[in-house]
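Taking it in order: structure first as structure tokens, then the write-up.
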Amino acid sequence: MKKPIRIGTRGSKLALWQAHHVAACLEQAGLASEIVIITTKGDVVLDRSLDKIGAKGVFTEELEVGLRTGHIDIAVHSAKDVQSSIPDDLELLAFMEREQVNDVVVSFQADLDLRKPGLVLGTSSTRRKAMLRRFLPNASTAEARGNLQTRLRKLEEGQYDALVLAYAGVHRMEYDHLIRHVLPETQFVPATGQGSVAIECARALEPALKTELHRILDHPATHVCLAAERAFLRTMEGGCSIPSFALATLSPDGATVHLHGGLISLDGAKLLEEAQTADASQAEALGIRIAESVLARGGQQILDEIRRERDA
Ligand SMILES: NCc1[nH]cc(CCC(=O)O)c1CC(=O)O
């Protein structure tokens, strides 16, 4: 019998859901696996918002060490948490089929009115904070770090009226009954990679195994979209602390990819966005083009302002 594939993952419930999802796909294809839990800095440092921790890859670094030492064969990440450029000795082997991409509003208040004056929404995402300031100016935001269960506990304690979260995580954790509003993805454009699971491995992993894992786990349509979004993010030099957004969609026949990407200032006052369509084979070029255009149209200034504020 072949050795089981060691799947490295963080220990949060959502991360474990993702790892078990990978294990199930492998098992269906006849491959045995085992799950290895690795704690990351992002799991430990909970008292600071992510933009303050600053370092890239807070949810991925320790997993990447595991790939290098051979402690694990593959690492499973929320695609959204994977930094835009990964080290040369590692590669992203697969992007799994994407879940519904929207952000949602989750609350214990069944009749939650988003227009209510003084509404308090929990989120630690700079993108969500900025978009809420722009599109729901009646609401204020409060920090909500920690894994989903921690945030929901804070919600239950009454620290906020509602949380703004990715549908994908809420659904995977089976909290659908608490979803009160699905935010339109045309306005609250999600972060790069939202809703997809990324599989990372060492470049040096056995080639035959890489090919097999790619065949089993990769979803080609999602992969094309993520290529466009990640090229956008890389060109933006964003990282997770920058309120940029990018959503790519593939035409039903798979021939063309449409990318909607942009950047919003922290106070929500300035919003730069752009949407274009290209041949699916040009997905990366499309991401680069849209990011360059947004940067040239004032995006660079917004980035500079954000960095100045953050480092002040
Ligand atoms: N940054 C944390 C994170 N990374 C991935 C998800 C949700 C699931 C996903 O998008 O795959 C979340 C939580 C959230 O944004 O609500």
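We label chains A, B, ... in the order they appear in the structure tokens, count residues from 1 in each chain, and number ligands from 1 in the order shown.
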Residues at most 6 Å from ligand 1, using only C-alpha atoms and all ligand atoms? Could they come as JSON, numbers by chain?
{"A": [78, 80, 81, 165, 166, 168, 169, 194, 195, 196]}
Enumerate the residues of range 5-69 of chain A with a DSSP assignment of strand (DSSP E), computed from the backbone, and present them as a list in words.
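Selection result, strand (DSSP E) within range 5-69 of chain A: Ile5, Arg6, Ile7, Gly8, Thr9, Ser33, Glu34, Ile35, Val36 and Ile37 of chain A.
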Can you list, as a PyMOL selection string, every protein, DNA or RNA residue that comes within 10 Å of Leu205 in chain A when you count only C-alpha atoms, leaving out same-chain residues fewer than 4 positions away?
chain A and resi 67-68+70+73-74+90-91+201+209-210
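Each of A:Lys3, A:Arg180, A:Arg128, A:His21 was checked against Leu112 in chain A using only C-alpha atoms; the smallest atom-to-atom distance is that of A:Arg180.
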Considering only C-alpha atoms, give me a table of residues in range 231-260 of chain A that are at most 6 Å from range 276-299 of chain A, with the closest atom pair and distance in Å for each, as JSON lines.
{"residue": "A:Ala231", "atom": "CA", "partner": "A:Gly287", "partner_atom": "CA", "distance": 4.9}
{"residue": "A:Phe232", "atom": "CA", "partner": "A:Gly287", "partner_atom": "CA", "distance": 4.1}
{"residue": "A:Thr235", "atom": "CA", "partner": "A:Ile288", "partner_atom": "CA", "distance": 5.8}
{"residue": "A:Met236", "atom": "CA", "partner": "A:Ala291", "partner_atom": "CA", "distance": 5.8}
{"residue": "A:Ala255", "atom": "CA", "partner": "A:Ala280", "partner_atom": "CA", "distance": 5.5}
{"residue": "A:Thr256", "atom": "CA", "partner": "A:Asp279", "partner_atom": "CA", "distance": 4.4}
{"residue": "A:Val257", "atom": "CA", "partner": "A:Ala280", "partner_atom": "CA", "distance": 5.1}
{"residue": "A:His258", "atom": "CA", "partner": "A:Thr277", "partner_atom": "CA", "distance": 4.2}
{"residue": "A:Leu259", "atom": "CA", "partner": "A:Gln276", "partner_atom": "CA", "distance": 5.6}
Would you mind exporting N, CA and C atoms of the selected residues as a short mmCIF file (atom, residue, chain, number, x, y, z; two decimals), in the first residue's frame?
data_model
loop_
_atom_site.label_atom_id
_atom_site.label_comp_id
_atom_site.auth_asym_id
_atom_site.auth_seq_id
_atom_site.Cartn_x
_atom_site.Cartn_y
_atom_site.Cartn_z
N ALA A 231 -3.21 37.56 -10.00
CA ALA A 231 -2.32 38.45 -10.77
C ALA A 231 -2.65 39.91 -10.44
N PHE A 232 -3.94 40.18 -10.30
CA PHE A 232 -4.39 41.52 -9.89
C PHE A 232 -3.78 41.87 -8.54
N THR A 235 0.01 42.47 -8.55
CA THR A 235 0.36 43.75 -9.16
C THR A 235 0.03 44.91 -8.22
N MET A 236 -1.04 44.74 -7.46
CA MET A 236 -1.45 45.74 -6.47
C MET A 236 -0.47 45.78 -5.30
N ALA A 255 -14.73 30.19 -22.46
CA ALA A 255 -13.85 30.87 -23.43
C ALA A 255 -13.29 32.18 -22.90
N THR A 256 -14.09 32.91 -22.13
CA THR A 256 -13.63 34.22 -21.68
C THR A 256 -13.75 34.36 -20.17
N VAL A 257 -12.89 35.22 -19.64
CA VAL A 257 -12.91 35.50 -18.21
C VAL A 257 -13.18 37.00 -18.03
N HIS A 258 -14.05 37.29 -17.07
CA HIS A 258 -14.43 38.67 -16.77
C HIS A 258 -13.86 38.99 -15.39
N LEU A 259 -13.17 40.12 -15.27
CA LEU A 259 -12.59 40.48 -13.97
C LEU A 259 -13.07 41.86 -13.54
#
Shortest contact to Gly158 in chain A, candidates A:Gly11, A:Gly122, A:Pro220, A:Gly262, atoms counted only C-alpha atoms, goes to A:Gly122
For Glu309 in chain A, please output as a PDB file with C-alpha atoms, in the first residue's frame all residues within 10 Å (counting only C-alpha atoms; exclusion window: fewer than 5 positions along the same chain).
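Result saved to result36.pdb:
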ATOM      1  CA  LEU A 266     -10.113  53.198   4.248  1.00  0.00           C
ATOM      2  CA  LEU A 303      -2.105  52.757  -1.244  1.00  0.00           C
ATOM      3  CA  ASP A 304       0.454  55.346  -0.143  1.00  0.00           C
TER       4      ASP A 304
END
Please determine, counting only C-alpha atoms, which residue among A:Ala139, A:Ala221, A:Val36, A:Val101 has the shortest atom-to-atom distance to His71 in chain A.
A:Val36
Could you make a table, as a tab-separated table, of the residues of range 84-175 of chain A that have an atom within 12 Å of an atom of range 60-63 of chain A, each with its nearest atom pair and distance in Å to one decimal, counting only C-alpha atoms, in chain and number order?
residue	atom	partner	partner_atom	distance
A:Ser84	CA	A:Thr60	CA	11.8
A:Ile86	CA	A:Thr60	CA	10.0
A:Pro87	CA	A:Glu61	CA	10.3
A:Leu90	CA	A:Leu63	CA	11.1
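Atom pair CA of Asp89 in chain A / CA of Thr69 in chain A has a distance of 11.7 Å (rounded to one decimal).
Proximity of A:Leu121, A:Glu237, A:Thr40, A:Ala29 to Arg151 in chain A, computed with only C-alpha atoms, is greatest for A:Leu121.
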Run DSSP on the backbone of this structure and report the residues of range 27-154 of chain A it assigns to alpha helix (DSSP H), as a PyMOL selection string.
chain A and resi 27-28+41-44+50-53+61-69+126-135+148-154
One-decimal distance in Å that lies between CA of Asp111 in chain A and CA of Ser125 in chain A
24.6 Å
Of the candidates A:Val189, A:Leu26, A:Ala269, A:Ala227, which one gets nearest to Phe245 in chain A if we count only C-alpha atoms?
A:Val189
Applying 9 Å and only C-alpha atoms, which residues near Thr9 in chain A remain after dropping the ones on its own chain fewer than 5 positions away? List them as a PyMOL selection string.
chain A and resi 15-16+18-19+35-39+63+74-77
What gap, in Å, lies between CA of Gln187 in chain A and CA of Ser124 in chain A?
18.5 Å
Between A:Leu183, A:Ile216, A:Ile72, A:Leu226, which residue has the minimum interatomic distance to Glu200 in chain A, considering only C-alpha atoms?
A:Ile72
Who sits within 9 Å of Leu178 in chain A, only C-alpha atoms, same chain under 2 positions skipped, as a short mmCIF file (atom, residue, chain, number, x, y, z; two decimals) with C-alpha atoms, in the first residue's frame:
data_model
loop_
_atom_site.label_atom_id
_atom_site.label_comp_id
_atom_site.auth_asym_id
_atom_site.auth_seq_id
_atom_site.Cartn_x
_atom_site.Cartn_y
_atom_site.Cartn_z
CA VAL A 105 -24.53 39.57 7.25
CA VAL A 106 -25.02 37.16 10.13
CA SER A 107 -27.10 38.01 13.17
CA PHE A 108 -29.23 36.54 15.94
CA GLN A 109 -31.77 39.29 15.16
CA ALA A 110 -34.12 37.74 12.62
CA VAL A 170 -20.64 30.51 7.25
CA TYR A 175 -24.58 28.70 10.26
CA ASP A 176 -26.82 29.37 7.24
CA ARG A 180 -29.97 37.75 7.33
#
